[in-house]
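entry_37.cif follows (mmCIF, C-alpha atoms and all ligand atoms):
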```cif
data_work
#
loop_
_atom_site.label_atom_id
_atom_site.label_comp_id
_atom_site.auth_asym_id
_atom_site.auth_seq_id
_atom_site.Cartn_x
_atom_site.Cartn_y
_atom_site.Cartn_z
CA MET A 1141 61.52 192.52 227.10
CA ILE A 1142 64.47 193.77 229.17
CA GLU A 1143 65.72 197.33 228.83
CA VAL A 1144 68.66 198.53 230.87
CA ASP A 1145 69.68 202.17 230.53
CA ASP A 1146 72.71 203.90 231.95
CA LEU A 1147 72.85 201.84 235.12
CA HIS A 1148 75.33 202.88 237.83
CA LYS A 1149 75.93 201.12 241.13
CA VAL A 1150 78.29 202.31 243.83
CA TYR A 1151 79.02 200.32 247.01
CA GLY A 1152 80.77 202.75 249.38
CA SER A 1153 83.96 203.57 247.52
CA THR A 1154 83.58 200.71 244.99
CA VAL A 1155 82.07 201.58 241.64
CA ALA A 1156 80.50 198.27 240.62
CA LEU A 1157 78.59 199.45 237.51
CA LYS A 1158 79.27 202.38 235.20
CA ALA A 1159 76.74 203.39 232.54
CA VAL A 1160 75.60 199.86 231.68
CA SER A 1161 72.94 199.74 228.96
CA PHE A 1162 71.61 196.79 226.98
CA ARG A 1163 68.44 195.21 225.62
CA VAL A 1164 67.18 191.64 225.50
CA GLU A 1165 64.44 190.82 223.00
CA PRO A 1166 61.61 188.35 223.73
CA GLY A 1167 62.66 184.70 223.47
CA GLU A 1168 66.39 185.44 223.38
CA ILE A 1169 69.11 183.97 225.57
CA LEU A 1170 71.64 186.66 226.36
CA GLY A 1171 75.00 185.49 227.70
CA PHE A 1172 76.18 188.01 230.25
CA LEU A 1173 79.90 187.45 230.39
CA GLY A 1174 82.59 188.90 232.57
CA PRO A 1175 85.52 187.98 234.79
CA ASN A 1176 85.18 187.74 238.59
CA GLY A 1177 84.12 191.03 240.12
CA ALA A 1178 83.04 192.52 236.76
CA GLY A 1179 79.55 193.40 237.98
CA LYS A 1180 77.43 190.51 236.73
CA THR A 1181 75.74 189.62 240.02
CA THR A 1182 75.18 193.29 240.79
CA THR A 1183 73.39 193.72 237.43
CA MET A 1184 71.31 190.55 237.99
CA ARG A 1185 70.30 191.67 241.47
CA ILE A 1186 69.24 195.10 240.24
CA LEU A 1187 67.25 193.53 237.41
CA THR A 1188 65.45 191.20 239.76
CA GLY A 1189 64.55 193.97 242.19
CA TYR A 1190 66.79 192.72 245.02
CA LEU A 1191 69.13 195.69 244.95
CA PRO A 1192 68.51 199.34 244.06
CA ALA A 1193 70.71 200.98 241.43
CA THR A 1194 72.53 204.17 242.36
CA SER A 1195 71.23 205.71 239.11
CA GLY A 1196 69.86 204.67 235.75
CA THR A 1197 66.81 202.58 234.91
CA ALA A 1198 65.98 198.96 234.22
CA ARG A 1199 62.65 197.71 232.89
CA VAL A 1200 61.39 194.14 232.67
CA ALA A 1201 58.29 193.46 230.59
CA GLU A 1202 57.68 197.23 230.60
CA PHE A 1203 57.80 197.51 234.40
CA ASP A 1204 60.43 199.58 236.16
CA VAL A 1205 62.44 197.37 238.52
CA HIS A 1206 62.57 200.11 241.14
CA THR A 1207 59.10 201.65 241.08
CA ASP A 1208 57.21 198.46 240.09
CA SER A 1209 59.35 195.97 241.95
CA LEU A 1210 56.45 193.66 242.84
CA ALA A 1211 55.21 193.45 239.25
CA VAL A 1212 58.78 192.74 238.12
CA ARG A 1213 59.28 189.96 240.66
CA GLN A 1214 56.09 188.28 239.45
CA ARG A 1215 57.39 188.36 235.88
CA ILE A 1216 60.92 187.25 236.58
CA GLY A 1217 62.37 183.93 237.70
CA TYR A 1218 65.74 184.25 239.39
CA LEU A 1219 68.34 181.60 240.05
CA PRO A 1220 70.94 183.32 242.22
CA GLU A 1221 74.51 182.03 242.42
CA ARG A 1222 73.58 180.24 245.64
CA PRO A 1223 69.92 179.21 245.27
CA PRO A 1224 67.88 179.64 248.45
CA LEU A 1225 66.69 176.05 248.91
CA TYR A 1226 65.14 174.61 252.06
CA PRO A 1227 67.05 171.37 252.69
CA ASP A 1228 64.39 169.81 254.94
CA MET A 1229 61.61 170.12 252.36
CA THR A 1230 60.91 167.64 249.59
CA VAL A 1231 61.22 168.95 246.05
CA THR A 1232 57.45 169.06 245.59
CA ALA A 1233 56.76 170.74 248.94
CA PHE A 1234 59.41 173.35 248.23
CA LEU A 1235 58.03 174.14 244.77
CA HIS A 1236 54.50 174.44 246.19
CA PHE A 1237 55.87 176.83 248.78
CA VAL A 1238 57.64 178.96 246.14
CA ALA A 1239 54.54 178.95 243.90
CA ARG A 1240 52.50 180.27 246.82
CA ILE A 1241 54.90 183.09 247.67
CA LYS A 1242 55.17 184.00 243.98
CA GLY A 1243 51.43 184.52 243.94
CA VAL A 1244 50.31 181.50 241.88
CA ALA A 1245 46.58 180.91 242.58
CA ALA A 1246 45.94 177.86 244.81
CA GLY A 1247 44.04 176.03 242.07
CA ASP A 1248 46.89 176.50 239.58
CA ARG A 1249 49.69 175.39 241.89
CA PRO A 1250 49.56 171.59 241.36
CA GLY A 1251 49.67 172.08 237.58
CA ARG A 1252 52.49 174.63 237.74
CA VAL A 1253 54.54 172.50 240.14
CA SER A 1254 54.11 169.36 237.99
CA HIS A 1255 55.07 171.33 234.92
CA ALA A 1256 58.24 172.69 236.55
CA ILE A 1257 59.14 169.20 237.80
CA ARG A 1258 58.67 167.73 234.33
CA ARG A 1259 60.51 170.54 232.59
CA CYS A 1260 63.51 170.18 234.88
CA GLY A 1261 63.65 166.37 234.80
CA LEU A 1262 62.87 166.02 238.49
CA GLU A 1263 60.10 163.40 238.30
CA GLU A 1264 62.14 160.73 240.08
CA LYS A 1265 63.22 163.12 242.80
CA GLN A 1266 59.97 164.89 243.57
CA SER A 1267 59.48 163.17 246.95
CA VAL A 1268 63.14 163.34 247.98
CA LEU A 1269 64.38 165.80 250.61
CA ILE A 1270 66.43 168.56 249.04
CA ARG A 1271 69.31 167.85 251.44
CA GLN A 1272 69.64 164.38 249.87
CA LEU A 1273 70.02 165.65 246.31
CA SER A 1274 73.29 165.88 244.38
CA LYS A 1275 74.50 169.36 243.38
CA GLY A 1276 73.25 168.85 239.82
CA TYR A 1277 69.74 168.00 241.01
CA ARG A 1278 69.76 170.90 243.46
CA GLN A 1279 70.60 173.17 240.55
CA ARG A 1280 67.60 171.77 238.68
CA VAL A 1281 65.43 172.50 241.69
CA GLY A 1282 66.89 176.03 241.61
CA ILE A 1283 65.79 176.36 237.99
CA ALA A 1284 62.39 174.78 238.75
CA GLN A 1285 61.76 177.40 241.47
CA ALA A 1286 62.70 180.09 238.93
CA ILE A 1287 60.09 178.89 236.40
CA VAL A 1288 57.30 177.62 238.68
CA HIS A 1289 55.25 180.81 238.35
CA ASP A 1290 55.74 180.79 234.55
CA PRO A 1291 57.60 184.11 234.34
CA PRO A 1292 58.29 185.58 230.90
CA VAL A 1293 61.85 186.40 232.00
CA ILE A 1294 64.42 184.12 233.65
CA VAL A 1295 67.69 185.35 235.12
CA LEU A 1296 70.29 182.69 235.84
CA ASP A 1297 73.46 183.58 237.71
CA GLU A 1298 76.20 181.05 236.95
CA PRO A 1299 73.78 178.10 236.74
CA THR A 1300 76.45 175.48 236.08
CA SER A 1301 78.95 176.59 238.68
CA GLY A 1302 80.38 173.58 240.50
CA LEU A 1303 78.69 170.96 238.31
CA ASP A 1304 80.48 168.01 236.72
CA PRO A 1305 80.69 167.89 232.89
CA ARG A 1306 77.64 165.67 232.52
CA GLN A 1307 75.49 167.78 234.87
CA ASN A 1308 76.82 170.83 233.03
CA ARG A 1309 75.56 169.54 229.74
CA GLU A 1310 72.18 168.61 231.18
CA VAL A 1311 71.66 172.02 232.76
CA ARG A 1312 72.74 173.77 229.54
CA GLU A 1313 70.27 171.70 227.53
CA LEU A 1314 67.57 172.56 230.02
CA VAL A 1315 68.35 176.28 229.74
CA ARG A 1316 68.32 176.08 225.94
CA SER A 1317 64.97 174.32 226.02
CA LEU A 1318 63.49 177.18 228.05
CA ALA A 1319 64.35 179.83 225.43
CA GLY A 1320 61.57 180.83 223.09
CA ASP A 1321 58.95 180.44 225.81
CA HIS A 1322 61.04 182.66 228.05
CA THR A 1323 63.54 185.48 227.68
CA ILE A 1324 66.72 184.49 229.47
CA ILE A 1325 69.81 186.21 230.82
CA LEU A 1326 72.56 183.79 231.64
CA SER A 1327 75.37 185.27 233.65
CA THR A 1328 78.61 183.33 233.51
CA HIS A 1329 82.36 183.44 233.18
CA ILE A 1330 82.39 180.02 231.54
CA LEU A 1331 82.93 180.65 227.85
CA PRO A 1332 81.84 177.29 226.39
CA GLU A 1333 78.55 177.83 228.19
CA VAL A 1334 77.92 180.95 226.14
CA ASP A 1335 79.08 179.30 222.93
CA ALA A 1336 76.75 176.36 223.56
CA THR A 1337 73.70 178.19 224.83
CA CYS A 1338 73.33 181.86 223.88
CA ASN A 1339 72.17 183.79 220.81
CA ARG A 1340 73.73 187.02 221.89
CA VAL A 1341 76.37 188.08 224.31
CA ALA A 1342 77.13 191.14 226.41
CA ILE A 1343 80.61 191.37 227.88
CA ILE A 1344 81.16 193.37 231.04
CA ASN A 1345 84.52 194.30 232.54
CA ARG A 1346 85.15 196.38 235.65
CA GLY A 1347 81.57 197.52 235.70
CA GLN A 1348 81.47 198.66 232.07
CA LEU A 1349 79.90 196.98 229.08
CA VAL A 1350 82.73 196.49 226.60
CA ALA A 1351 80.85 194.67 223.83
CA ALA A 1352 77.40 193.42 222.90
CA GLY A 1353 75.96 191.66 219.88
CA GLN A 1354 75.39 188.40 218.04
CA LEU A 1355 78.13 186.00 218.95
CA GLY A 1356 79.34 185.33 215.40
CA ALA A 1357 79.26 188.96 214.30
CA LEU A 1358 80.95 190.09 217.47
CA MET A 1359 83.77 187.63 217.05
CA GLU A 1360 84.27 188.60 213.45
CA GLN A 1361 84.33 192.29 214.29
CA LEU A 1362 86.44 192.05 217.39
CA THR A 1363 88.99 189.60 216.13
CA GLY A 1364 89.52 191.80 213.10
CA ALA A 1365 91.88 190.50 210.48
CA VAL A 1366 92.39 186.82 209.87
CA SER A 1367 95.89 185.55 210.58
CA TYR A 1368 97.90 182.54 209.41
CA ASP A 1369 100.74 180.41 210.66
CA LEU A 1370 103.03 179.10 207.93
CA GLU A 1371 106.00 176.85 207.63
CA VAL A 1372 107.94 177.38 204.42
CA ARG A 1373 111.13 175.92 203.03
CA GLY A 1374 113.34 178.62 201.52
CA ALA A 1375 115.50 181.65 202.36
CA PRO A 1376 113.52 183.56 204.98
CA ALA A 1377 114.09 187.05 203.57
CA ALA A 1378 112.96 185.95 200.10
CA VAL A 1379 109.93 184.12 201.50
CA GLN A 1380 108.96 187.18 203.52
CA GLN A 1381 109.29 189.46 200.48
CA THR A 1382 107.21 187.12 198.33
CA LEU A 1383 104.48 186.80 200.95
CA ALA A 1384 104.33 190.56 201.56
CA ALA A 1385 103.59 191.08 197.85
CA VAL A 1386 100.53 188.77 197.84
CA PRO A 1387 97.33 190.83 197.47
CA GLY A 1388 95.40 190.81 200.75
CA VAL A 1389 98.46 190.31 202.96
CA ALA A 1390 98.93 193.09 205.52
CA SER A 1391 102.11 191.97 207.27
CA VAL A 1392 104.50 189.04 207.52
CA ALA A 1393 106.93 188.24 210.30
CA LEU A 1394 109.42 185.49 210.88
CA SER A 1395 108.02 183.72 213.89
CA THR A 1396 110.01 184.06 217.09
CA SER A 1397 109.47 180.35 217.66
CA SER A 1398 111.06 179.66 214.27
CA THR A 1399 113.83 177.11 214.46
CA GLN A 1400 115.55 176.38 211.23
CA MET A 1401 115.06 172.73 210.43
CA ASP A 1402 115.82 171.38 207.02
CA SER A 1403 115.69 175.03 205.73
CA ARG A 1404 112.11 175.35 206.96
CA TYR A 1405 111.07 178.56 208.71
CA ARG A 1406 107.90 179.54 210.47
CA PHE A 1407 106.08 182.80 209.71
CA THR A 1408 103.05 184.55 211.04
CA LEU A 1409 100.99 186.54 208.61
CA LYS A 1410 98.18 189.02 209.10
CA ALA A 1411 95.64 189.39 206.31
CA ALA A 1412 94.01 192.60 205.15
CA ALA A 1413 91.48 190.77 202.97
CA ARG A 1414 88.92 188.27 204.16
CA ASP A 1415 90.69 185.08 203.19
CA PRO A 1416 93.86 185.27 201.05
CA GLY A 1417 94.90 181.67 201.91
CA GLU A 1418 94.56 180.34 198.37
CA ALA A 1419 96.59 183.21 196.88
CA ILE A 1420 99.28 182.71 199.51
CA ALA A 1421 99.61 179.02 198.72
CA ALA A 1422 99.60 179.54 194.94
CA THR A 1423 102.20 182.33 195.08
CA LEU A 1424 104.61 180.36 197.28
CA VAL A 1425 104.41 177.28 195.11
CA ARG A 1426 104.78 179.32 191.92
CA ALA A 1427 107.88 181.00 193.37
CA GLY A 1428 109.42 177.58 194.02
CA PHE A 1429 109.26 177.59 197.83
CA GLY A 1430 108.19 174.51 199.74
CA LEU A 1431 104.88 175.12 201.49
CA CYS A 1432 105.02 172.71 204.43
CA GLU A 1433 102.15 174.14 206.47
CA LEU A 1434 99.50 176.84 206.12
CA ARG A 1435 97.13 177.20 209.07
CA ARG A 1436 94.38 179.80 209.32
CA HIS A 1437 94.10 181.07 212.82
CA GLN A 1438 90.48 181.03 213.90
CA ALA A 1439 89.98 183.34 216.85
CA SER A 1440 87.84 181.90 219.61
CA LEU A 1441 85.42 183.45 222.03
CA GLU A 1442 88.20 183.05 224.56
CA ASP A 1443 90.47 185.29 222.45
CA VAL A 1444 87.72 187.91 222.26
CA PHE A 1445 87.02 187.71 225.95
CA LEU A 1446 90.67 187.95 226.98
CA ASN A 1447 91.24 190.76 224.53
CA LEU A 1448 88.37 192.77 225.99
CA THR A 1449 88.90 192.05 229.65
CA THR A 1450 92.66 192.34 230.11
CA GLU A 1451 94.01 195.30 232.05
CA GLU A 1452 95.11 197.10 228.89
CA ALA A 1453 91.65 196.83 227.36
CA ALA A 1454 90.10 198.17 230.53
CA GLU A 1455 92.50 201.08 230.69
CA SER A 1456 91.92 202.09 227.10
CA SER A 1457 88.18 202.32 227.64
CA ALA A 1458 88.21 205.69 225.91
CA ALA A 1459 88.20 203.73 222.67
CA PRO A 1460 84.77 203.41 221.02
CA THR A 1461 82.70 200.50 222.31
CA PRO A 1462 82.48 197.82 219.65
CA GLN A 1463 78.86 197.27 218.74
CA THR A 1464 77.62 194.89 216.16
CA ASP A 1465 73.92 195.00 216.63
CA ALA A 1466 72.47 198.47 216.55
CA SER A 1467 69.01 197.40 217.64
CA THR A 1468 70.14 195.66 220.76
CA SER A 1469 73.56 196.91 221.73
CA PRO A 1470 74.21 199.39 224.53
CA GLU A 1471 72.72 202.78 223.83
CA THR A 1472 74.89 204.73 226.22
CA PRO A 1473 78.20 202.94 226.56
P1 LIG A 1501 81.75 186.98 240.31
O1 LIG A 1501 81.83 186.33 238.95
O2 LIG A 1501 83.05 186.83 241.07
O3 LIG A 1501 80.56 186.61 241.10
P2 LIG A 1501 80.54 189.49 239.48
O4 LIG A 1501 80.83 189.83 238.05
O5 LIG A 1501 79.24 188.87 239.78
O6 LIG A 1501 81.71 188.58 240.06
P3 LIG A 1501 79.82 191.47 241.45
O7 LIG A 1501 79.58 190.47 242.52
O8 LIG A 1501 78.65 192.15 240.84
O9 LIG A 1501 80.74 190.84 240.31
O10 LIG A 1501 80.81 192.57 242.05
C1 LIG A 1501 81.18 193.77 241.34
C2 LIG A 1501 82.07 194.61 242.24
O11 LIG A 1501 81.32 195.10 243.35
C3 LIG A 1501 83.23 193.85 242.85
O12 LIG A 1501 84.34 194.73 242.93
C4 LIG A 1501 82.75 193.46 244.22
O13 LIG A 1501 83.82 193.35 245.13
C5 LIG A 1501 81.88 194.67 244.57
N1 LIG A 1501 80.76 194.32 245.47
C6 LIG A 1501 79.77 193.44 245.22
N2 LIG A 1501 78.88 193.39 246.24
C7 LIG A 1501 79.34 194.28 247.17
C8 LIG A 1501 78.87 194.71 248.44
N3 LIG A 1501 77.74 194.23 248.96
N4 LIG A 1501 79.59 195.65 249.10
C9 LIG A 1501 80.73 196.15 248.56
N5 LIG A 1501 81.21 195.81 247.36
C10 LIG A 1501 80.55 194.87 246.67
#
```
Please lay out the structure from this file as structure tokens.
Amino acid sequence: MIEVDDLHKVYGSTVALKAVSFRVEPGEILGFLGPNGAGKTTTMRILTGYLPATSGTARVAEFDVHTDSLAVRQRIGYLPERPPLYPDMTVTAFLHFVARIKGVAAGDRPGRVSHAIRRCGLEEKQSVLIRQLSKGYRQRVGIAQAIVHDPPVIVLDEPTSGLDPRQNREVRELVRSLAGDHTIILSTHILPEVDATCNRVAIINRGQLVAAGQLGALMEQLTGAVSYDLEVRGAPAAVQQTLAAVPGVASVALSTSSTQMDSRYRFTLKAAARDPGEAIAATLVRAGFGLCELRRHQASLEDVFLNLTTEEAAESSAAPTPQTDASTSPETP
């Protein structure tokens, strides 16, 4: 449904996008993640036909965003970071206006507007002036204007920015409910939003795509080996030697935060196998050490994100781009 190939964008001396390529399949929600200034808005604006790329191509529903810009705009609903709302219009009047400029036939407009109002939970606010709405309701109006012409593709740029936790949850649920009927790109730097909403994720840093794939697979691949935190009672050198000999253990280190207390020491352990926790526990107990704590460290999306978007990661971009999903990951990283 969305095909982006080798996109570059240069603003004067700023290179905002470098060789960005990705796919989004029909009905998917892709989380487009990146820190401030990574190039998310630039990508969204190119995809929606509001900004030309310097080079490369982007297609939406088979139409080229540059050469078939009008056809693309009819097939895409866009919620920019700051939605262009008219504060002196009522919700209904504004949605009628948007439906008209998006080319919805006059006879279809009442039905489309009612549908968008219902879908976005705006029934009680339909006759209210937009200026009188809370930020959460304005955001819903922003989403309603993005779906009023029933586009197959919806692009949402930071849709929950500035919302309180309850509004956040409501907007996320709304976005989730739109998937299936629509293909969605959700640009954000809010990680729980991606965890809660998206099937797949693309991570962009300094204008380059650094990872793309199914969230679970990506995390497993990118976080690599499982690690453990342990607290063990016993002589540290002997504990370390015993742990190092357990099959599936790659390395053991006495933790720098280790403070000897009641002959207990803390260790960090990296595993080479998938999950050697049981063998670790059994070996320690068999060897007569006191196993006070064994905690498997579960890497989070935040770990993955920070790992990929820190300065060091950006500078070592010569390393191969991690890809977990051959059918949908970047073709030309
Ligand atoms: P944020 O999360 O802060 O909105 P972003 O990921 O959306 O960031 P972009 O807004 O796409 O990032 O910006 C990418 C880079 O391009 C940044 O370095 C930004 O300063 C630069 N940039 C964006 N728009 C322009 C412009 N009109 N002129 C010059 N540079 C720009």
Min atom-atom distance to ligand LIG 1501 (chain A) from the set A:Ser1161, A:Asn1447, A:Thr1328, A:Thr1181, counting all atoms listed in the file, belongs to A:Thr1181
Near-ligand residues for ligand LIG 1501 (chain A), threshold 9 Å, all atoms listed in the file, as a PyMOL selection string: chain A and resi 1149-1157+1173-1185+1221+1297-1298+1327-1329+1344-1347
Would you kindly identify which residues have an atom no farther than 12 Å from (68.3, 170.6, 229.6), using only C-alpha atoms and the file's own coordinates, and write them out as a list in words?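 Checked against the point, the hits come out as Arg1258, Arg1259, Cys1260, Gly1261, Leu1262, Gly1276, Tyr1277, Gln1279, Arg1280, Ile1283, Ala1284, Pro1299, Thr1300, Arg1306, Gln1307, Asn1308, Arg1309, Glu1310, Val1311, Arg1312, Glu1313, Leu1314, Val1315, Arg1316, Ser1317, Leu1318, Ala1319, Ala1336 and Thr1337 of chain A.
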If you count only C-alpha atoms, which residues fall within 12 Å of Ala1419 (chain A), apart from same-chain ones fewer than 6 positions away, as a PyMOL selection string? chain A and resi 1382-1389+1411+1413+1425-1426+1434
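Going from CA of Ile1270 (chain A) over to CA of Met1229 (chain A), you cover 6.1 Å.
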Since the input lacks atoms, please generate all heavy atoms for region 1334-1344 of chain A and provide them as a CSV table (one decimal), in the frame of the given file.
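So out03.csv came out as:
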```csv
chain,number,residue,atom,x,y,z
A,1334,VAL,N,78.5,179.9,227.0
A,1334,VAL,CA,77.9,181.0,226.1
A,1334,VAL,C,77.9,180.4,224.7
A,1334,VAL,O,76.9,180.6,224.0
A,1334,VAL,CB,78.7,182.3,226.2
A,1334,VAL,CG1,78.3,183.3,225.2
A,1334,VAL,CG2,78.6,182.8,227.6
A,1335,ASP,N,79.0,179.8,224.3
A,1335,ASP,CA,79.1,179.3,222.9
A,1335,ASP,C,78.0,178.3,222.7
A,1335,ASP,O,77.3,178.3,221.7
A,1335,ASP,CB,80.4,178.5,222.8
A,1335,ASP,CG,81.4,179.3,221.9
A,1335,ASP,OD1,80.9,180.2,221.1
A,1335,ASP,OD2,82.6,179.0,222.0
A,1336,ALA,N,77.7,177.5,223.7
A,1336,ALA,CA,76.8,176.4,223.6
A,1336,ALA,C,75.3,176.8,223.7
A,1336,ALA,O,74.4,176.1,223.3
A,1336,ALA,CB,77.1,175.3,224.6
A,1337,THR,N,75.1,177.9,224.4
A,1337,THR,CA,73.7,178.2,224.8
A,1337,THR,C,73.1,179.5,224.3
A,1337,THR,O,71.9,179.5,224.1
A,1337,THR,CB,73.7,178.3,226.4
A,1337,THR,OG1,74.5,177.3,226.9
A,1337,THR,CG2,72.3,178.1,226.9
A,1338,CYS,N,73.9,180.5,224.0
A,1338,CYS,CA,73.3,181.9,223.9
A,1338,CYS,C,73.3,182.3,222.4
A,1338,CYS,O,74.1,181.9,221.6
A,1338,CYS,CB,74.2,182.9,224.7
A,1338,CYS,SG,74.2,182.4,226.4
A,1339,ASN,N,72.2,183.2,222.1
A,1339,ASN,CA,72.2,183.8,220.8
A,1339,ASN,C,73.0,185.0,220.8
A,1339,ASN,O,73.6,185.4,219.8
A,1339,ASN,CB,70.8,184.3,220.5
A,1339,ASN,CG,69.7,183.4,221.0
A,1339,ASN,OD1,69.1,183.7,222.0
A,1339,ASN,ND2,69.5,182.3,220.2
A,1340,ARG,N,73.0,185.7,221.9
A,1340,ARG,CA,73.7,187.0,221.9
A,1340,ARG,C,74.5,187.1,223.2
A,1340,ARG,O,74.3,186.4,224.1
A,1340,ARG,CB,72.8,188.2,221.9
A,1340,ARG,CG,72.3,188.5,220.5
A,1340,ARG,CD,71.7,189.9,220.3
A,1340,ARG,NE,71.0,190.3,221.5
A,1340,ARG,CZ,71.2,191.3,222.3
A,1340,ARG,NH1,72.3,192.1,222.0
A,1340,ARG,NH2,70.4,191.6,223.3
A,1341,VAL,N,75.5,188.0,223.1
A,1341,VAL,CA,76.4,188.1,224.3
A,1341,VAL,C,76.6,189.6,224.7
A,1341,VAL,O,76.6,190.4,223.8
A,1341,VAL,CB,77.7,187.3,224.0
A,1341,VAL,CG1,78.4,187.9,222.8
A,1341,VAL,CG2,78.6,187.3,225.2
A,1342,ALA,N,76.7,189.8,225.9
A,1342,ALA,CA,77.1,191.1,226.4
A,1342,ALA,C,78.3,190.9,227.3
A,1342,ALA,O,78.3,190.0,228.2
A,1342,ALA,CB,76.0,191.8,227.2
A,1343,ILE,N,79.4,191.6,227.1
A,1343,ILE,CA,80.6,191.4,227.9
A,1343,ILE,C,80.8,192.6,228.8
A,1343,ILE,O,80.9,193.7,228.3
A,1343,ILE,CB,81.8,191.1,227.0
A,1343,ILE,CG1,81.6,189.9,226.1
A,1343,ILE,CG2,83.1,190.9,227.8
A,1343,ILE,CD1,82.7,189.5,225.1
A,1344,ILE,N,81.0,192.3,230.1
A,1344,ILE,CA,81.2,193.4,231.0
A,1344,ILE,C,82.5,193.2,231.7
A,1344,ILE,O,83.0,192.1,231.9
A,1344,ILE,CB,80.0,193.3,232.1
A,1344,ILE,CG1,80.1,194.6,233.0
A,1344,ILE,CG2,80.0,192.1,232.9
A,1344,ILE,CD1,78.8,194.7,233.9
```
